[in-house]
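Quick look at data19.txt (compact mmCIF, N, CA and C atoms):
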```txt
# COMPACT_ATOMS: atom_id res chain seq x y z
N MET A 6 10.91 6.69 -14.54
CA MET A 6 10.22 5.44 -14.30
C MET A 6 8.83 5.76 -13.73
N ASP A 7 7.82 5.20 -14.35
CA ASP A 7 6.43 5.38 -13.94
C ASP A 7 6.13 4.44 -12.78
N THR A 8 5.71 4.98 -11.62
CA THR A 8 5.45 4.14 -10.45
C THR A 8 3.97 4.14 -10.11
N LEU A 9 3.57 3.08 -9.42
CA LEU A 9 2.20 2.91 -8.96
C LEU A 9 2.17 2.90 -7.44
N ALA A 10 1.12 3.48 -6.86
CA ALA A 10 0.88 3.36 -5.42
C ALA A 10 -0.03 2.15 -5.23
N CYS A 11 0.46 1.15 -4.51
CA CYS A 11 -0.25 -0.12 -4.37
C CYS A 11 -0.46 -0.47 -2.90
N ALA A 12 -1.37 -1.42 -2.69
CA ALA A 12 -1.61 -1.94 -1.34
C ALA A 12 -2.01 -3.40 -1.44
N TYR A 13 -1.56 -4.17 -0.45
CA TYR A 13 -1.91 -5.58 -0.36
C TYR A 13 -2.33 -5.87 1.08
N ARG A 14 -3.53 -6.44 1.26
CA ARG A 14 -3.98 -6.83 2.59
C ARG A 14 -3.91 -8.35 2.71
N ASN A 15 -3.24 -8.80 3.77
CA ASN A 15 -3.15 -10.22 4.04
C ASN A 15 -4.44 -10.64 4.74
N SER A 16 -5.35 -11.23 4.01
CA SER A 16 -6.64 -11.63 4.58
C SER A 16 -6.61 -13.04 5.16
N SER A 17 -5.45 -13.66 5.16
CA SER A 17 -5.34 -15.01 5.72
C SER A 17 -5.03 -14.95 7.21
N ASP A 18 -5.04 -16.10 7.85
CA ASP A 18 -4.70 -16.17 9.27
C ASP A 18 -3.25 -16.57 9.49
N ARG A 19 -2.46 -16.51 8.41
CA ARG A 19 -1.03 -16.87 8.46
C ARG A 19 -0.18 -15.71 7.95
N MET A 20 1.03 -15.61 8.49
CA MET A 20 1.98 -14.63 8.01
C MET A 20 2.38 -14.98 6.57
N VAL A 21 2.53 -13.97 5.71
CA VAL A 21 2.98 -14.19 4.34
C VAL A 21 4.18 -13.30 4.05
N ILE A 22 4.88 -13.64 2.98
CA ILE A 22 5.99 -12.81 2.49
C ILE A 22 5.58 -12.28 1.14
N VAL A 23 5.63 -10.96 0.99
CA VAL A 23 5.30 -10.30 -0.27
C VAL A 23 6.60 -9.94 -0.96
N ARG A 24 6.78 -10.44 -2.17
CA ARG A 24 7.97 -10.13 -2.97
C ARG A 24 7.53 -9.44 -4.25
N CYS A 25 8.10 -8.27 -4.48
CA CYS A 25 7.80 -7.50 -5.68
C CYS A 25 9.05 -7.46 -6.54
N ILE A 26 8.90 -7.84 -7.80
CA ILE A 26 10.03 -7.88 -8.72
C ILE A 26 9.64 -7.06 -9.94
N GLY A 27 10.43 -6.01 -10.24
CA GLY A 27 10.06 -5.12 -11.34
C GLY A 27 11.25 -4.71 -12.18
N ALA A 28 11.01 -3.71 -13.00
CA ALA A 28 12.01 -3.19 -13.93
C ALA A 28 13.17 -2.53 -13.20
N GLU A 29 14.29 -2.42 -13.91
CA GLU A 29 15.48 -1.73 -13.41
C GLU A 29 15.93 -2.27 -12.05
N ALA A 30 15.92 -3.59 -11.91
CA ALA A 30 16.38 -4.29 -10.71
C ALA A 30 15.57 -3.91 -9.46
N PHE A 31 14.31 -3.53 -9.65
CA PHE A 31 13.45 -3.21 -8.50
C PHE A 31 13.12 -4.50 -7.76
N PHE A 32 13.31 -4.48 -6.43
CA PHE A 32 12.98 -5.64 -5.61
C PHE A 32 12.54 -5.14 -4.24
N LEU A 33 11.42 -5.66 -3.77
CA LEU A 33 10.90 -5.32 -2.45
C LEU A 33 10.41 -6.61 -1.81
N GLU A 34 10.79 -6.83 -0.57
CA GLU A 34 10.34 -8.02 0.15
C GLU A 34 9.94 -7.61 1.55
N ARG A 35 8.72 -7.96 1.94
CA ARG A 35 8.21 -7.61 3.26
C ARG A 35 7.42 -8.77 3.85
N VAL A 36 7.50 -8.91 5.15
CA VAL A 36 6.65 -9.85 5.89
C VAL A 36 5.36 -9.11 6.22
N VAL A 37 4.23 -9.76 5.95
CA VAL A 37 2.92 -9.14 6.23
C VAL A 37 2.15 -10.09 7.15
N PHE A 38 1.80 -9.58 8.31
CA PHE A 38 1.10 -10.38 9.31
C PHE A 38 -0.38 -10.51 8.96
N PRO A 39 -1.07 -11.47 9.57
CA PRO A 39 -2.49 -11.65 9.27
C PRO A 39 -3.28 -10.36 9.45
N PHE A 40 -4.10 -10.05 8.46
CA PHE A 40 -4.99 -8.89 8.41
C PHE A 40 -4.26 -7.55 8.33
N GLU A 41 -2.96 -7.56 8.15
CA GLU A 41 -2.18 -6.33 8.02
C GLU A 41 -2.27 -5.82 6.58
N LEU A 42 -2.17 -4.49 6.42
CA LEU A 42 -2.18 -3.85 5.11
C LEU A 42 -0.78 -3.34 4.81
N LEU A 43 -0.23 -3.72 3.67
CA LEU A 43 1.07 -3.25 3.22
C LEU A 43 0.86 -2.26 2.09
N SER A 44 1.35 -1.05 2.23
CA SER A 44 1.30 -0.04 1.18
C SER A 44 2.71 0.14 0.63
N PHE A 45 2.81 0.25 -0.70
CA PHE A 45 4.13 0.38 -1.31
C PHE A 45 4.00 1.02 -2.70
N GLU A 46 5.12 1.51 -3.21
CA GLU A 46 5.20 2.02 -4.57
C GLU A 46 6.13 1.12 -5.35
N CYS A 47 5.79 0.93 -6.63
CA CYS A 47 6.59 0.05 -7.47
C CYS A 47 6.44 0.45 -8.93
N PRO A 48 7.37 0.00 -9.79
CA PRO A 48 7.23 0.26 -11.23
C PRO A 48 5.97 -0.41 -11.78
N ARG A 49 5.45 0.15 -12.84
CA ARG A 49 4.19 -0.31 -13.43
C ARG A 49 4.19 -1.80 -13.78
N ASP A 50 5.28 -2.32 -14.28
CA ASP A 50 5.30 -3.71 -14.75
C ASP A 50 5.72 -4.72 -13.67
N THR A 51 5.63 -4.36 -12.41
CA THR A 51 6.05 -5.22 -11.31
C THR A 51 5.11 -6.41 -11.13
N GLU A 52 5.72 -7.54 -10.80
CA GLU A 52 4.95 -8.74 -10.47
C GLU A 52 5.05 -8.94 -8.96
N VAL A 53 3.91 -9.12 -8.31
CA VAL A 53 3.86 -9.30 -6.86
C VAL A 53 3.59 -10.77 -6.58
N ARG A 54 4.48 -11.37 -5.81
CA ARG A 54 4.33 -12.79 -5.46
C ARG A 54 4.11 -12.92 -3.96
N ILE A 55 3.11 -13.72 -3.61
CA ILE A 55 2.76 -13.93 -2.20
C ILE A 55 3.19 -15.35 -1.82
N TRP A 56 4.07 -15.43 -0.81
CA TRP A 56 4.63 -16.70 -0.36
C TRP A 56 4.23 -16.97 1.08
N THR A 57 4.19 -18.24 1.44
CA THR A 57 4.00 -18.65 2.83
C THR A 57 4.90 -19.85 3.08
N HIS A 58 4.96 -20.29 4.32
CA HIS A 58 5.73 -21.49 4.65
C HIS A 58 4.78 -22.62 4.96
N GLY A 59 4.96 -23.71 4.25
CA GLY A 59 4.18 -24.92 4.50
C GLY A 59 5.06 -25.98 5.13
N LEU A 60 4.55 -27.16 5.24
CA LEU A 60 5.31 -28.25 5.84
C LEU A 60 6.54 -28.62 5.01
N GLY A 61 6.45 -28.45 3.69
CA GLY A 61 7.56 -28.79 2.81
C GLY A 61 8.48 -27.63 2.49
N GLY A 62 8.26 -26.49 3.12
CA GLY A 62 9.08 -25.31 2.84
C GLY A 62 8.25 -24.20 2.23
N PRO A 63 8.90 -23.24 1.56
CA PRO A 63 8.17 -22.10 0.98
C PRO A 63 7.16 -22.55 -0.08
N GLU A 64 5.97 -21.91 -0.06
CA GLU A 64 4.92 -22.21 -1.04
C GLU A 64 4.45 -20.90 -1.66
N LEU A 65 4.41 -20.86 -2.98
CA LEU A 65 3.88 -19.70 -3.69
C LEU A 65 2.36 -19.78 -3.66
N LEU A 66 1.71 -18.78 -3.04
CA LEU A 66 0.26 -18.77 -2.93
C LEU A 66 -0.40 -18.15 -4.16
N GLU A 67 0.14 -16.99 -4.60
CA GLU A 67 -0.43 -16.33 -5.76
C GLU A 67 0.55 -15.34 -6.36
N THR A 68 0.33 -15.03 -7.63
CA THR A 68 1.10 -14.02 -8.35
C THR A 68 0.11 -12.99 -8.86
N ILE A 69 0.38 -11.71 -8.57
CA ILE A 69 -0.55 -10.63 -8.91
C ILE A 69 0.20 -9.54 -9.66
N PRO A 70 -0.31 -9.08 -10.81
CA PRO A 70 0.29 -7.92 -11.47
C PRO A 70 0.05 -6.68 -10.59
N ALA A 71 1.03 -5.82 -10.48
CA ALA A 71 0.93 -4.66 -9.59
C ALA A 71 -0.25 -3.77 -9.95
N HIS A 72 -0.60 -3.66 -11.23
CA HIS A 72 -1.70 -2.76 -11.60
C HIS A 72 -3.03 -3.20 -11.00
N GLU A 73 -3.15 -4.46 -10.54
CA GLU A 73 -4.36 -4.93 -9.87
C GLU A 73 -4.42 -4.51 -8.40
N LEU A 74 -3.32 -3.99 -7.86
CA LEU A 74 -3.24 -3.59 -6.46
C LEU A 74 -3.19 -2.07 -6.28
N VAL A 75 -3.44 -1.34 -7.35
CA VAL A 75 -3.35 0.13 -7.31
C VAL A 75 -4.42 0.70 -6.39
N VAL A 76 -4.03 1.68 -5.59
CA VAL A 76 -4.96 2.42 -4.74
C VAL A 76 -4.99 3.86 -5.21
N GLU A 77 -6.15 4.44 -5.21
CA GLU A 77 -6.30 5.83 -5.62
C GLU A 77 -6.06 6.73 -4.41
N PRO A 78 -5.31 7.80 -4.59
CA PRO A 78 -5.12 8.73 -3.48
C PRO A 78 -6.44 9.44 -3.17
N PRO A 79 -6.71 9.77 -1.92
CA PRO A 79 -7.96 10.45 -1.58
C PRO A 79 -7.99 11.84 -2.19
N ALA A 80 -9.15 12.23 -2.64
CA ALA A 80 -9.32 13.57 -3.22
C ALA A 80 -9.35 14.58 -2.08
N VAL A 81 -8.53 15.59 -2.18
CA VAL A 81 -8.45 16.62 -1.15
C VAL A 81 -8.98 17.92 -1.73
N ARG A 82 -9.91 18.52 -1.02
CA ARG A 82 -10.47 19.78 -1.47
C ARG A 82 -9.76 20.92 -0.76
N LEU A 83 -8.75 21.47 -1.39
CA LEU A 83 -8.00 22.58 -0.79
C LEU A 83 -8.79 23.87 -0.83
N SER A 84 -9.70 24.02 -1.77
CA SER A 84 -10.46 25.26 -1.88
C SER A 84 -11.25 25.54 -0.61
N ALA A 85 -11.76 24.50 0.06
CA ALA A 85 -12.52 24.71 1.29
C ALA A 85 -11.64 25.29 2.38
N VAL A 86 -10.39 24.89 2.45
CA VAL A 86 -9.47 25.42 3.45
C VAL A 86 -8.97 26.80 3.04
N GLN A 87 -8.72 27.00 1.76
CA GLN A 87 -8.20 28.28 1.30
C GLN A 87 -9.18 29.42 1.48
N ASP A 88 -10.49 29.14 1.45
CA ASP A 88 -11.51 30.17 1.58
C ASP A 88 -11.79 30.53 3.04
N CYS A 89 -11.22 29.81 3.99
CA CYS A 89 -11.48 30.05 5.41
C CYS A 89 -10.58 31.15 5.95
N ASP A 90 -11.10 31.82 6.96
CA ASP A 90 -10.30 32.78 7.70
C ASP A 90 -9.37 31.98 8.61
N PRO A 91 -8.06 32.24 8.59
CA PRO A 91 -7.12 31.46 9.41
C PRO A 91 -7.46 31.45 10.89
N ASP A 92 -8.01 32.56 11.42
CA ASP A 92 -8.37 32.61 12.84
C ASP A 92 -9.52 31.66 13.15
N ASP A 93 -10.51 31.59 12.23
CA ASP A 93 -11.64 30.66 12.42
C ASP A 93 -11.14 29.21 12.40
N LEU A 94 -10.22 28.94 11.49
CA LEU A 94 -9.68 27.59 11.36
C LEU A 94 -8.92 27.20 12.63
N LEU A 95 -8.15 28.13 13.17
CA LEU A 95 -7.39 27.87 14.39
C LEU A 95 -8.33 27.64 15.58
N GLU A 96 -9.39 28.46 15.68
CA GLU A 96 -10.35 28.30 16.79
C GLU A 96 -11.04 26.94 16.74
N SER A 97 -11.43 26.50 15.53
CA SER A 97 -12.12 25.21 15.44
C SER A 97 -11.16 24.07 15.75
N TRP A 98 -9.91 24.24 15.42
CA TRP A 98 -8.91 23.21 15.71
C TRP A 98 -8.67 23.11 17.22
N VAL A 99 -8.55 24.26 17.88
CA VAL A 99 -8.33 24.27 19.33
C VAL A 99 -9.55 23.71 20.04
N ALA A 100 -10.74 24.04 19.58
CA ALA A 100 -11.97 23.54 20.22
C ALA A 100 -12.09 22.03 20.08
N ALA A 101 -11.61 21.48 18.96
CA ALA A 101 -11.69 20.04 18.75
C ALA A 101 -10.67 19.29 19.58
N GLY A 102 -9.58 19.99 19.99
CA GLY A 102 -8.44 19.39 20.65
C GLY A 102 -8.71 18.63 21.85
```
Would you encode the structure as structure tokens?
Amino acid sequence: MDTLACAYRNSSDRMVIVRCIGAEAFFLERVVFPFELLSFECPRDTEVRIWTHGLGGPELLETIPAHELVVEPPAVRLSAVQDCDPDDLLESWVAAG
């Protein structure tokens, strides 16, 4: 199963419920507080639904395809660390401590 690394930030001033529904019975439900960032992995074809509670009960705010919430992993340059002398690396780490 092909999965995506996704993130959703609740930019509202109200708590929301994020429900992800995908292939092979994939289901994820989380409460996300105002301005909180939720990171998750899900199948490629997952539909993300954002719910809140209104006066009349649950309200669907929006539906988002998971591929619109994909986050790219940060690029890590291992070559810079591999070329260092381990003693120099340890000294700089201790000095920063």
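Proximity ranking of A:Leu74, A:Val23, A:Ala10, A:Ala28 relative to Thr51 (chain A) places A:Ala28 first, based on all atoms listed in the file.
Here atom C of Asp7 (chain A) is placed at a distance of 4.6 Å from CA of Pro48 (chain A).
Picture a line from CA of Asp18 (chain A) to CA of Glu73 (chain A); it runs 22.2 Å.
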> Counting only C-alpha atoms, what is within 8 Å of Cys47 (chain A), bar same-chain residues fewer than 3 positions away, as a PyMOL selection string?
Replying inline: chain A and resi 8-11+25+27+31+51+71
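Pairwise distance (atom N of Phe45 (chain A), CA of Thr68 (chain A)) equals 16.3 Å.
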> Could you pull out the strand (DSSP E) residues of region 26-83 of chain A from DSSP and send them as a PyMOL selection string?
Replying inline: chain A and resi 26+32-37+42-48+52-59+62-70
>> as a ChimeraX atom specification, please: the residues near Phe38 (chain A) (cut-off 6 Å, all atoms listed in the file, same-chain neighbours under 5 positions excluded).
In response: /A:15,19-21
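When only N, CA and C atoms are used to measure the gap to Trp56 (chain A), the shortest distance among A:Ile69, A:Ile22, A:Val76, A:Ala30 belongs to A:Ile22.
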If I wrap all listed atoms of region 50-65 of chain A in a box with edges along x, y and z and add 3 Å on each side, what are its centre and edge lengths in Å to one decimal, as AutoDock Vina command-line options?
```
--center_x 5.7 --center_y -15.6 --center_z -4.5 --size_x 12.7 --size_y 32.5 --size_z 26.6
```
